[in-house]
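Visitor: Sending over data_35.txt (compact mmCIF, C-alpha atoms).
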# COMPACT_ATOMS: atom_id res chain seq x y z
CA MET A 1194 110.07 98.38 118.35
CA LYS A 1195 113.15 96.24 117.86
CA ILE A 1196 113.52 95.54 114.13
CA PRO A 1197 114.95 92.14 113.12
CA LYS A 1198 117.89 92.00 110.71
CA LYS A 1199 116.63 88.84 109.14
CA ILE A 1200 113.61 86.52 109.09
CA SER A 1201 113.23 83.08 107.63
CA PRO A 1202 111.35 82.42 105.46
CA ASP A 1203 111.15 86.01 104.23
CA SER A 1204 108.30 85.25 101.74
CA ILE A 1205 109.36 88.24 99.62
CA LYS A 1206 108.07 87.87 96.09
CA ASP A 1207 109.24 91.21 94.74
CA SER A 1208 111.69 93.79 96.05
CA VAL A 1209 111.56 96.76 93.75
CA VAL A 1210 113.78 99.81 94.18
CA GLU A 1211 112.95 102.65 91.82
CA ILE A 1212 115.20 105.70 91.46
CA ARG A 1213 113.83 108.54 89.36
CA TYR A 1214 116.10 111.14 87.84
CA SER A 1215 116.14 114.07 85.48
CA SER A 1216 118.47 113.71 82.53
CA LYS A 1217 120.64 116.17 80.67
CA ILE A 1218 119.90 114.43 77.36
CA PRO A 1219 116.95 112.59 75.74
CA PHE A 1220 116.40 109.00 76.89
CA GLU A 1221 116.93 107.56 73.39
CA VAL A 1222 120.46 108.92 73.53
CA ALA A 1223 120.97 108.29 77.25
CA ILE A 1224 120.39 104.55 76.92
CA GLY A 1225 123.59 104.30 74.87
CA PHE A 1226 125.56 106.11 77.55
CA PHE A 1227 124.11 103.84 80.25
CA TYR A 1228 125.06 100.80 78.17
CA LYS A 1229 128.61 102.07 77.80
CA SER A 1230 128.99 102.98 81.48
CA LEU A 1231 128.05 99.53 82.83
CA ASP A 1232 130.84 96.96 83.04
CA ASP A 1233 130.98 93.50 81.49
CA THR A 1234 129.26 91.79 84.41
CA TYR A 1235 125.96 93.20 83.13
CA ASN A 1236 124.09 91.69 80.21
CA TYR A 1237 121.70 93.68 78.08
CA THR A 1238 118.43 92.54 76.57
CA ASN A 1239 115.33 94.31 75.38
CA ARG A 1240 111.71 93.54 75.01
CA PRO A 1241 109.33 95.14 72.52
CA ILE A 1242 106.22 96.91 73.73
CA GLY A 1243 103.17 97.15 71.54
CA ILE A 1244 100.75 95.07 69.54
CA GLY A 1245 102.70 92.23 67.98
CA LYS A 1246 101.97 90.69 64.66
CA GLN A 1247 100.81 87.50 66.28
CA GLN A 1248 98.05 89.35 68.07
CA LEU A 1249 96.86 91.26 65.04
CA THR A 1250 96.80 88.18 62.85
CA ASN A 1251 94.05 86.68 64.99
CA SER A 1252 91.54 89.17 63.77
CA ILE A 1253 92.44 90.65 60.43
CA PRO A 1254 92.43 89.41 56.83
CA SER A 1255 95.49 87.55 55.61
CA ASN A 1256 96.51 90.31 53.20
CA LEU A 1257 96.99 92.65 56.17
CA GLN A 1258 98.69 90.14 58.42
CA GLN A 1259 102.17 91.55 58.07
CA ILE A 1260 101.19 94.60 60.09
CA GLY A 1261 102.92 94.74 63.44
CA ILE A 1262 103.05 97.78 65.64
CA GLN A 1263 106.00 98.20 67.92
CA ILE A 1264 105.73 101.24 70.10
CA ALA A 1265 109.07 101.01 71.88
CA ASN A 1266 111.56 98.68 73.54
CA ARG A 1267 111.96 98.03 77.22
CA HIS A 1268 115.63 98.05 78.13
CA LEU A 1269 116.79 95.45 80.63
CA PHE A 1270 120.19 94.78 82.16
CA TYR A 1271 120.96 91.87 84.45
CA ASN A 1272 123.81 90.17 86.24
CA GLU A 1273 123.82 87.04 88.38
CA LYS A 1274 121.87 88.66 91.21
CA ILE A 1275 119.69 91.54 90.04
CA LYS A 1276 117.90 92.94 87.03
CA ILE A 1277 117.69 96.58 86.11
CA GLU A 1278 115.12 98.18 83.87
CA LEU A 1279 115.91 101.56 82.39
CA LEU A 1280 112.96 103.78 81.63
CA PRO A 1281 112.87 107.48 80.74
CA ASN A 1282 113.77 109.22 84.02
CA SER A 1283 113.62 106.02 86.04
CA ILE A 1284 115.94 103.17 87.02
CA ILE A 1285 114.23 100.10 88.43
CA PHE A 1286 116.00 97.36 90.38
CA ASN A 1287 114.65 93.97 91.31
CA CYS A 1288 116.17 90.67 92.40
CA LEU A 1289 116.63 88.19 89.59
CA ASP A 1290 115.34 85.19 91.52
CA SER A 1291 114.44 85.04 95.18
CA TYR A 1292 115.27 87.88 97.56
CA ILE A 1293 119.02 88.07 98.22
CA SER A 1294 118.88 90.07 101.49
CA TRP A 1295 119.54 93.79 101.82
CA ASP A 1296 123.19 93.13 102.73
CA ILE A 1297 123.75 91.83 99.20
CA TYR A 1298 121.06 93.80 97.35
CA GLN A 1299 122.13 97.25 98.54
CA PRO A 1300 125.78 96.89 97.36
CA GLU A 1301 124.49 95.70 93.98
CA ILE A 1302 122.30 98.81 93.70
CA GLU A 1303 125.20 101.01 94.79
CA LYS A 1304 127.54 99.42 92.26
CA THR A 1305 125.09 99.97 89.41
CA LEU A 1306 124.32 103.56 90.38
CA SER A 1307 128.00 104.29 90.80
CA GLN A 1308 128.73 103.15 87.25
CA ILE A 1309 125.70 104.90 85.77
CA THR A 1310 126.59 108.14 87.56
CA LYS A 1311 129.96 108.14 85.83
CA ALA A 1312 128.18 108.60 82.49
CA GLU A 1313 127.48 112.16 83.70
CA ILE A 1314 124.10 112.45 82.06
CA ILE A 1315 122.00 112.51 85.22
CA GLU A 1316 121.07 116.02 86.25
CA ASN A 1317 119.39 115.16 89.57
CA TYR A 1318 117.95 112.21 91.42
CA THR A 1319 114.36 113.22 92.07
CA ARG A 1320 112.60 110.35 93.85
CA VAL A 1321 113.31 107.11 95.69
CA GLY A 1322 110.74 104.33 95.96
CA LEU A 1323 111.09 100.96 97.62
CA ARG A 1324 108.32 98.40 97.32
CA TYR A 1325 108.41 94.96 98.90
CA ILE A 1326 105.68 92.45 98.19
CA SER A 1327 105.42 89.47 100.51
CA GLU A 1328 103.27 86.53 99.57
CA TYR A 1329 101.71 84.01 101.92
CA PRO A 1330 100.02 81.00 100.33
CA ASN A 1331 97.09 79.54 102.25
CA LEU A 1332 97.40 82.01 105.08
CA ASP A 1333 94.73 84.34 106.40
CA LEU A 1334 96.10 87.79 107.23
CA LYS A 1335 94.10 87.86 110.45
CA ASP A 1336 96.50 85.17 111.70
CA CYS A 1337 99.62 87.21 111.05
CA LEU A 1338 98.83 90.95 110.98
CA LYS A 1339 97.70 93.50 113.49
CA PHE A 1340 94.98 94.55 111.15
CA SER A 1341 91.24 94.30 111.17
CA PHE A 1342 88.40 96.23 109.71
CA SER A 1343 84.72 96.31 110.43
CA PHE A 1344 81.68 98.22 109.39
CA ASN A 1345 78.25 98.59 110.85
CA MET A 1346 77.24 95.00 110.20
CA PRO A 1347 79.13 93.01 112.85
CA GLU A 1348 77.65 89.71 111.72
CA MET A 1349 79.48 90.05 108.39
CA LYS A 1350 82.86 88.30 108.34
CA SER A 1351 84.89 89.10 105.25
CA LYS A 1352 86.95 86.12 104.18
CA THR A 1353 88.43 87.70 101.07
CA TYR A 1354 89.34 91.37 100.86
CA THR A 1355 91.70 93.90 99.34
CA PHE A 1356 92.74 96.96 101.29
CA HIS A 1357 94.59 99.99 99.95
CA SER A 1358 95.78 102.87 102.07
CA GLU A 1359 98.05 105.87 101.44
CA PHE A 1360 99.51 107.91 104.24
CA ASN A 1361 102.49 110.13 105.09
CA GLN A 1362 105.01 109.66 107.84
CA ASP A 1363 108.38 111.36 108.40
CA ASN A 1364 108.09 113.12 105.02
CA LEU A 1365 107.67 109.79 103.30
CA LYS A 1366 104.65 108.63 101.34
CA ILE A 1367 103.58 105.11 102.21
CA ILE A 1368 101.21 102.96 100.19
CA LEU A 1369 99.95 99.85 101.89
CA ASN A 1370 98.13 97.13 99.97
CA LEU A 1371 96.76 94.06 101.68
CA ASN A 1372 95.11 91.20 99.86
CA ASN A 1373 93.57 88.43 101.85
CA ASN A 1374 92.72 84.92 100.67
CA ILE A 1375 92.61 85.68 96.96
CA GLN A 1376 91.86 82.55 94.97
CA ILE A 1377 94.52 81.49 92.54
CA ILE A 1378 95.55 78.47 90.49
CA ASN A 1379 98.87 76.91 91.31
CA SER A 1380 100.30 76.17 87.88
CA LYS A 1381 102.73 73.58 89.20
CA SER A 1382 99.86 71.57 90.54
CA ALA A 1383 97.98 72.18 87.30
CA SER A 1384 100.88 70.70 85.36
CA GLN A 1385 100.51 67.58 87.41
CA ASN A 1386 96.93 67.29 86.24
CA GLU A 1387 95.52 68.61 89.46
CA LEU A 1388 93.27 71.63 89.46
CA GLY A 1389 95.41 73.23 92.17
CA ILE A 1390 93.00 75.99 93.25
CA SER A 1391 94.40 77.60 96.32
CA SER A 1392 94.49 80.98 98.02
CA VAL A 1393 97.16 83.53 98.62
CA SER A 1394 97.53 86.64 100.77
CA ASN A 1395 99.83 89.58 100.07
CA VAL A 1396 101.42 92.33 102.06
CA ASP A 1397 102.58 95.03 99.67
CA ILE A 1398 104.38 98.01 101.23
CA ASP A 1399 105.62 100.88 99.11
CA VAL A 1400 107.67 103.65 100.73
CA ILE A 1401 108.40 106.72 98.63
CA MET A 1402 110.60 109.77 99.13
CA GLU A 1403 109.38 112.39 96.67
CA ASN A 1404 110.45 115.83 95.54
CA ILE A 1405 114.15 115.50 96.19
CA GLU A 1406 116.93 117.07 94.17
CA GLU A 1407 120.03 115.05 94.87
CA LYS A 1408 123.14 115.49 92.78
CA SER A 1409 125.54 113.34 94.77
CA LEU A 1410 125.45 109.56 94.86
CA GLU A 1411 126.35 109.48 98.56
CA SER A 1412 123.28 111.53 99.48
CA LEU A 1413 121.10 109.37 97.27
CA LEU A 1414 122.37 106.19 98.93
CA SER A 1415 121.65 107.57 102.39
CA LYS A 1416 118.09 108.36 101.26
CA ILE A 1417 117.67 104.83 99.95
CA GLU A 1418 118.75 103.59 103.37
CA ILE A 1419 116.18 105.81 105.11
CA VAL A 1420 113.44 104.50 102.85
CA HIS A 1421 114.53 100.90 103.47
CA GLN A 1422 114.46 101.42 107.23
CA LYS A 1423 110.93 102.81 107.01
CA GLU A 1424 109.88 99.85 104.87
CA LYS A 1425 111.12 97.46 107.57
CA GLU A 1426 109.53 99.51 110.33
CA ILE A 1427 106.11 99.43 108.66
CA PHE A 1428 106.33 95.72 107.86
CA PHE A 1429 107.46 94.53 111.27
CA ASN A 1430 105.00 96.76 113.07
CA LEU A 1431 102.22 95.14 111.11
CA LEU A 1432 103.12 91.61 112.16
CA THR A 1433 101.68 90.04 115.26
CA ASP A 1434 104.24 89.00 117.88
CA LYS A 1435 103.27 85.36 117.48
CA PHE A 1436 103.68 85.39 113.71
CA LEU A 1437 106.98 87.23 113.92
CA GLU A 1438 108.29 84.61 116.35
CA SER A 1439 107.36 81.89 113.86
CA LEU A 1440 109.62 83.58 111.26
CA ASN A 1441 112.81 82.91 113.26
CA PRO A 1442 113.84 86.55 113.63
CA VAL A 1443 117.53 87.37 113.99
CA TYR A 1444 118.27 90.66 115.78
CA MET Q 698 105.80 61.58 71.30
CA PRO Q 699 105.82 61.46 75.11
CA ILE Q 700 102.64 61.91 77.11
CA PRO Q 701 102.22 65.69 77.44
CA ALA Q 702 101.88 65.91 81.20
CA ALA Q 703 104.82 63.60 81.76
CA HIS Q 704 106.91 65.60 79.31
CA ILE Q 705 106.09 68.84 81.04
CA ASN Q 706 107.04 67.45 84.43
CA GLU Q 707 110.30 66.15 83.06
CA PHE Q 708 111.38 69.58 81.87
CA ASN Q 709 109.94 71.62 84.68
CA SER Q 710 110.80 69.73 87.80
CA ASN Q 711 112.87 72.66 89.05
CA GLN Q 712 110.77 75.45 87.60
CA GLN Q 713 109.72 78.15 89.99
CA VAL Q 714 106.13 77.90 91.06
CA VAL Q 715 104.12 80.59 89.36
CA TRP Q 716 100.87 81.77 90.82
CA ILE Q 717 98.17 82.62 88.38
CA ALA Q 718 95.08 84.55 89.24
CA LYS Q 719 92.00 82.41 89.00
CA ASN Q 720 89.82 83.22 86.04
CA TYR Q 721 86.75 84.91 87.47
CA THR Q 722 85.08 85.34 84.10
CA GLY Q 723 82.27 82.99 84.98
CA SER Q 724 81.53 84.44 88.38
CA GLY Q 725 79.12 87.04 87.05
CA SER Q 726 80.66 89.91 88.96
CA THR Q 727 79.70 93.38 87.81
CA GLY Q 728 82.23 94.89 85.42
CA LEU Q 729 83.73 91.66 84.12
CA LEU Q 730 82.92 92.57 80.54
CA ARG Q 731 85.53 95.29 80.78
CA ASP Q 732 88.05 92.75 82.09
CA ASN Q 733 87.64 90.73 78.93
CA PHE Q 734 88.91 93.67 76.93
CA SER Q 735 91.88 94.35 79.18
CA ASP Q 736 95.03 94.84 77.16
CA ASP Q 737 97.27 93.45 79.89
CA GLU Q 738 99.34 90.87 78.10
CA ILE Q 739 100.79 89.40 81.24
CA VAL Q 740 98.43 88.30 83.95
CA PHE Q 741 100.53 87.58 86.97
CA PHE Q 742 99.23 87.88 90.46
CA HIS Q 743 101.06 89.93 93.02
CA SER Q 744 98.65 92.20 94.74
CA LYS Q 745 95.84 92.92 92.38
CA GLN Q 746 92.65 91.33 91.29
CA PRO Q 747 92.57 89.69 87.88
CA GLY Q 748 91.57 92.14 85.21
CA PHE Q 749 92.25 95.12 87.46
CA ARG Q 750 93.66 97.86 85.25
CA GLU Q 751 97.14 99.02 86.10
CA ASN Q 752 96.87 102.50 87.58
CA TYR Q 753 99.20 102.32 90.53
CA PRO Q 754 100.46 105.66 91.87
CA GLY Q 755 103.55 104.33 93.62
CA THR Q 756 106.80 102.56 92.84
CA TYR Q 757 107.04 100.73 89.52
CA ASN Q 758 103.56 100.35 88.11
CA SER Q 759 104.53 97.48 85.78
CA ILE Q 760 105.07 94.93 88.51
CA LEU Q 761 103.06 92.33 86.59
CA ILE Q 762 105.59 92.22 83.79
CA SER Q 763 108.50 91.79 86.16
CA ASN Q 764 107.98 88.05 86.56
CA SER Q 765 107.82 87.57 82.80
CA ASP Q 766 111.09 89.51 82.46
CA ARG Q 767 112.69 87.09 84.91
CA LYS Q 768 111.66 84.18 82.70
CA LEU Q 769 113.03 85.96 79.63
CA ILE Q 770 116.38 86.50 81.35
CA HIS Q 771 116.45 82.93 82.64
CA PHE Q 772 115.92 81.55 79.12
CA GLU Q 773 118.45 83.92 77.56
CA LYS Q 774 121.08 82.72 80.03
CA SER Q 775 120.13 79.12 79.39
CA PHE Q 776 120.22 79.67 75.62
CA LYS Q 777 123.73 81.12 75.82
CA ASN Q 778 124.97 78.05 77.71
CA GLN Q 779 123.26 75.64 75.32
CA PHE Q 780 124.55 77.51 72.27
CA GLU Q 781 128.13 77.23 73.54
CA LEU Q 782 127.69 73.50 74.02
CA LEU Q 783 126.20 72.98 70.55
CA SER Q 784 128.20 75.61 68.66
CA ALA Q 785 129.63 72.94 66.35
CA TYR Q 786 126.17 72.49 64.86
CA PHE Q 787 125.71 76.22 64.19
CA GLN Q 788 128.66 77.03 61.98
CA ASN Q 789 126.70 79.41 59.74
CA LEU Q 790 124.99 81.24 62.55
CA ASN Q 791 126.75 83.30 65.21
CA PHE Q 792 125.43 83.70 68.73
CA GLN Q 793 124.12 87.22 68.15
CA GLU Q 794 122.04 86.13 65.16
CA ALA Q 795 120.76 83.03 66.96
CA ASN Q 796 119.91 85.09 70.04
CA GLU Q 797 117.84 87.51 67.95
CA LYS Q 798 115.95 84.55 66.51
CA LEU Q 799 115.38 83.22 70.02
CA SER Q 800 113.91 86.59 71.02
CA SER Q 801 111.50 86.56 68.07
CA SER Q 802 109.82 83.38 69.27
CA LEU Q 803 110.45 83.48 73.02
CA ILE Q 804 109.00 86.95 73.60
CA SER Q 805 105.86 86.07 71.65
CA LEU Q 806 105.43 82.87 73.64
CA LEU Q 807 106.02 84.59 76.98
CA ASN Q 808 103.41 87.16 76.01
CA ILE Q 809 100.73 84.48 76.08
CA ASN Q 810 101.66 83.94 79.74
CA PRO Q 811 102.03 80.16 79.72
CA ASP Q 812 101.47 78.27 82.97
CA VAL Q 813 104.77 76.46 82.38
CA ILE Q 814 107.31 76.75 79.60
CA SER Q 815 110.60 75.06 78.77
CA MET Q 816 113.13 75.74 76.04
CA GLU Q 817 115.85 73.56 74.52
CA LEU Q 818 118.28 74.10 71.70
CA THR Q 819 118.61 71.06 69.45
CA ARG Q 820 121.33 69.74 67.14
CA ASP Q 821 118.78 70.22 64.35
CA LYS Q 822 119.42 73.96 64.53
CA SER Q 823 116.09 74.51 66.14
CA ILE Q 824 114.67 75.73 69.43
CA PHE Q 825 112.19 73.33 70.96
CA TYR Q 826 109.58 74.81 73.29
CA THR Q 827 107.14 72.97 75.49
CA LEU Q 828 104.29 75.04 76.87
CA LYS Q 829 101.25 74.38 78.94
CA LYS Q 830 98.38 76.81 79.20
CA GLN Q 831 94.82 76.16 80.27
CA ASP Q 832 93.97 72.65 79.04
CA TYR Q 833 96.44 72.82 76.19
CA THR Q 834 99.95 71.46 75.81
CA PHE Q 835 101.99 72.87 72.94
CA PHE Q 836 105.20 71.59 71.40
CA ILE Q 837 106.81 74.16 69.10
CA GLN Q 838 109.93 73.60 67.07
CA HIS Q 839 111.40 76.87 65.78
CA PHE Q 840 113.92 76.21 62.99
CA LEU Q 841 116.71 78.79 62.86
CA ASN Q 842 117.12 79.65 59.22
CA GLU Q 843 120.69 80.38 58.25
CA ILE Q 844 119.82 82.18 55.03
CA GLU Q 845 119.59 85.92 55.48
CA ASP Q 846 116.17 87.49 54.84
CA ASP Q 847 114.45 84.10 54.70
CA GLU Q 848 111.71 83.79 57.28
CA ASP Q 849 112.14 81.19 60.03
CA GLU Q 850 109.79 78.22 60.02
CA ALA Q 851 108.14 76.32 62.83
CA ILE Q 852 106.04 73.27 63.62
CA LEU Q 853 103.28 73.29 66.20
CA THR Q 854 101.95 70.13 67.85
CA VAL Q 855 98.94 70.54 70.13
CA PHE Q 856 97.25 68.44 72.75
CA LYS Q 857 94.07 69.42 74.53
CA ASP Q 858 94.15 67.39 77.73
CA ASP Q 859 95.39 64.07 76.32
CA ASN Q 860 93.71 64.46 72.93
CA LYS Q 861 95.86 65.26 69.93
CA LEU Q 862 94.66 68.21 67.81
CA PRO Q 863 95.76 68.93 64.21
CA SER Q 864 99.38 70.01 63.89
CA TYR Q 865 100.48 73.14 62.05
CA ALA Q 866 103.59 73.97 60.06
CA GLY Q 867 104.49 77.29 58.50
CA SER Q 868 106.39 80.47 59.08
CA LEU Q 869 107.21 81.25 62.71
CA LEU Q 870 104.85 84.20 62.62
CA GLN Q 871 101.94 82.16 61.30
CA THR Q 872 102.63 79.32 63.69
CA ILE Q 873 102.50 81.56 66.74
CA SER Q 874 99.40 83.18 65.31
CA GLU Q 875 97.83 79.71 65.06
CA LEU Q 876 98.69 79.04 68.69
CA ASN Q 877 97.09 82.34 69.72
CA THR Q 878 93.99 81.51 67.74
CA LEU Q 879 93.58 78.31 69.74
CA LEU Q 880 93.92 80.08 73.05
CA GLU Q 881 91.87 83.11 72.24
CA PRO Q 882 89.18 82.89 69.57
CA SER Q 883 89.00 85.76 67.09
CA ASN Q 884 87.76 88.89 68.80
CA THR Q 885 87.43 91.90 66.56
CA SER Q 886 86.08 94.06 69.39
CA LYS Q 887 89.31 93.60 71.30
CA LEU Q 888 91.37 94.54 68.27
CA GLU Q 889 89.23 97.61 67.76
CA LEU Q 890 89.79 98.68 71.35
CA GLU Q 891 93.53 98.15 71.07
CA LEU Q 892 93.78 100.19 67.90
CA ASN Q 893 91.63 102.95 69.39
CA GLU Q 894 93.92 103.10 72.38
CA LEU Q 895 96.89 103.46 70.11
CA SER Q 896 95.30 106.30 68.18
CA ASN Q 897 94.40 108.23 71.35
Can the structure in the file be given as structure tokens, please?

Guide:
Amino acid sequence: MKIPKKISPDSIKDSVVEIRYSSKIPFEVAIGFFYKSLDDTYNYTNRPIGIGKQQLTNSIPSNLQQIGIQIANRHLFYNEKIKIELLPNSIIFNCLDSYISWDIYQPEIEKTLSQITKAEIIENYTRVGLRYISEYPNLDLKDCLKFSFSFNMPEMKSKTYTFHSEFNQDNLKIILNLNNNIQIINSKSASQNELGISSVSNVDIDVIMENIEEKSLESLLSKIEIVHQKEKEIFFNLLTDKFLESLNPVY
Amino acid sequence: MPIPAAHINEFNSNQQVVWIAKNYTGSGSTGLLRDNFSDDEIVFFHSKQPGFRENYPGTYNSILISNSDRKLIHFEKSFKNQFELLSAYFQNLNFQEANEKLSSSLISLLNINPDVISMELTRDKSIFYTLKKQDYTFFIQHFLNEIEDDEDEAILTVFKDDNKLPSYAGSLLQTISELNTLLEPSNTSKLELELNELSN
């Protein structure tokens, strides 16, 4: 199948790239090295994880209200285009706002990895995952996907469903999640004093290359590219020809 | 005081639309009791049913929090710009100190997963938040105390639909606690579950 370079609208809600690694040093120490290796275009912020005081104070006597349990911090970096979360043995990229296209996203990922690699604390890159979640408000997946399911009760028509499948192809693990016509509240409508109940469908495709032991950045980047190509292949093969045409594909 | 809904629209005309999973609590589906005790702080819909426990085997299993992180980053960037504009009013507080104070209130407020939220820095050395969640509209003024070791104070004004509820003033911690109490009545079972999970 001919894979488009671009569609419009892309309807991509999330575009997560996760690189797992093994480290030469403990994460608590590594985070300082990562911080130092990234240039001034990146900003750092963190977010506590755990039960905050404000949650505990709902339920306990006032003399115990100063208790707050903070398990750890989540470490976030961001620039004008992407955000990066650093976790023990994992680096997670996502676009800061709407999807910026692979032509812009990939160089941002490469730039970050290139700077982080210079810290020389990564032993190996061990796994590459790429997960794109597309969201279609008020659209039934039967109108856009080559997908249907049935069971031995043909009179039953399922209006709302969730579908989860895991399979392997070309030494890649692929996780496909489909959600059809899930009811939601549109908060923007709600803010305008309308109830705003609507429905949304999702196509969530996760392509994973596991059990790798890459030391060089160049090899890692080529693996990211392979995973991205597979992601596109799965997505575009799912779409009906008619729906794909409606997305103004550019080849 | 402006009409809550009008005020919200004024500050959120360009805010990204956020989809929120519909609350299925009343639907009577089997297993919903467990959902009520879910410890997910952020309920944001991408590809999972509300209340579905996060146990995803693939890439990045904290996808729900990602949207909240975007809001945090958006407000931090906005705060930096506003602080530069109003720096003359903050002579005894540097940006780093003010930013830490912002985090103390902003993260707590984002954790309640508001439907819409806005943030403004004022010349009164305070951060003014407007939030809408469920039927409630909250106005919170967080005063940035310049005296080291003194706890920050805040004022909470609440509307339920268009009806004014009693206001609250106190420490920032107590004020946010008061806001949480309004949204989620005291639930000792939930606390017990959370503490048990921590001890496991």

Visitor: I'd like the interatomic distance between CA of Phe1342 in chain A and CA of Glu1424 in chain A, to a tenth of an Å.

Guide: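 The value is 22.3 Å.
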
Visitor: Taking (113.2, 78.3, 66.4) in the file's own coordinates, collect the residues within 7 Å, counting only C-alpha atoms, and hand them back as number ranges by chain.

Guide: Q: 798-799, 802, 823-825, 838-841, 851

Visitor: For CA of His1421 in chain A and CA of Leu1269 in chain A, determine how far apart the two atoms are, in Å to one decimal place.

Guide: 23.6 Å

Visitor: For chain A, which of Q:Gln788, Q:Thr819, Q:Thr854, Q:Asn810 is the closest residue, counting only C-alpha atoms?

Guide: Q:Asn810

Visitor: By how many Å are CA of Thr1310 in chain A and CA of Ile762 in chain Q apart?

Guide: 26.6 Å

Visitor: Using all atoms listed in the file, which residues sit within 7 Å of range 1392-1400 of chain A once same-chain residues fewer than 2 positions away are excluded, as a ChimeraX atom specification?

Guide: /A:1322-1334,1365-1377,1402,1420,1424 /Q:744,755-756

Visitor: So, counting all atoms listed in the file, which residue among Q:Leu769, Q:Leu869, Q:Val813, Q:Leu782 is closest to Tyr833 in chain Q?

Guide: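 Smallest distance to Tyr833 in chain Q is found for Q:Val813.
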
Visitor: When you look at Ile1284 in chain A with a cut-off of 7 Å (counting all atoms listed in the file), what residues show up, excluding the ones that are within fewer than 5 positions of it in the same chain? I need them as JSON, numbers by chain.

Guide: {"A": [1211, 1212, 1213, 1277, 1278, 1279]}

Visitor: Is there a way to get, as a PDB file with C-alpha atoms, in the coordinates of the input, all residues within 6 Å of the point (122.5, 78.7, 58.1) in file coordinates, counting all atoms listed in the file?

Guide:
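The result, stored in point.pdb:
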ATOM      1  CA  ASN Q 789     126.700  79.410  59.740  1.00  0.00           C
ATOM      2  CA  LEU Q 790     124.990  81.240  62.550  1.00  0.00           C
ATOM      3  CA  ASN Q 842     117.120  79.650  59.220  1.00  0.00           C
ATOM      4  CA  GLU Q 843     120.690  80.380  58.250  1.00  0.00           C
ATOM      5  CA  ILE Q 844     119.820  82.180  55.030  1.00  0.00           C
TER       6      ILE Q 844
END

Visitor: Go through Q:Arg767, Q:Lys777, Q:Lys822, Q:Lys857 one by one, measure the shortest atom-to-atom distance of each to chain A using all atoms listed in the file, and give the residue with the smallest value.

Guide: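 Among the listed residues, Q:Arg767 lies closest to chain A.
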
Visitor: What lies within 10 Å of Ser1294 in chain A using only C-alpha atoms, ignoring chain neighbours under 5 positions off, as a list in words?

Guide: Lys1198, Lys1199, Ile1200, Asp1203, Ile1205, Ser1208, Cys1288 and Gln1299 of chain A

Visitor: Compare Q:Ala785, Q:Leu803, Q:Leu853, Q:Leu862 by their minimum atom-to-atom distance to chain A, counting all atoms listed in the file, and give me the closest one.

Guide: Q:Leu803

Visitor: Give me, as a list in words, all polymer residues having an atom no more than 12 Å from Asn778 in chain Q, counting all atoms listed in the file and skipping those fewer than 5 positions away in the same chain.

Guide: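 Those residues are His771, Phe772, Glu773, Leu783, Ser784, Phe792, Asn796, Glu817 and Leu818 of chain Q.
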
Visitor: Residues near Leu1413 in chain A, anyone? I mean within 10 Å using only C-alpha atoms, not counting same-chain ones fewer than 2 positions away, as a PyMOL selection string.

Guide: chain A and resi 1212+1303+1306+1317-1321+1405-1411+1415-1419

Visitor: Counting all atoms listed in the file, figure out which residue out of Q:Gln871, Q:Asn877, Q:Gln831, Q:Asn860 gets nearest to Ile809 in chain Q.

Guide: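 Checking each of Q:Gln871, Q:Asn877, Q:Gln831, Q:Asn860 against Ile809 in chain Q, counting all atoms listed in the file, the winner is Q:Asn877.
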
Visitor: Of the candidates A:Ser1230, A:Ser1343, A:Asn1364, A:Ser1291, which shows the shortest atom-to-atom distance to chain Q, using all atoms listed in the file?

Guide: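 That would be A:Ser1291, the residue with the smallest distance to chain Q.
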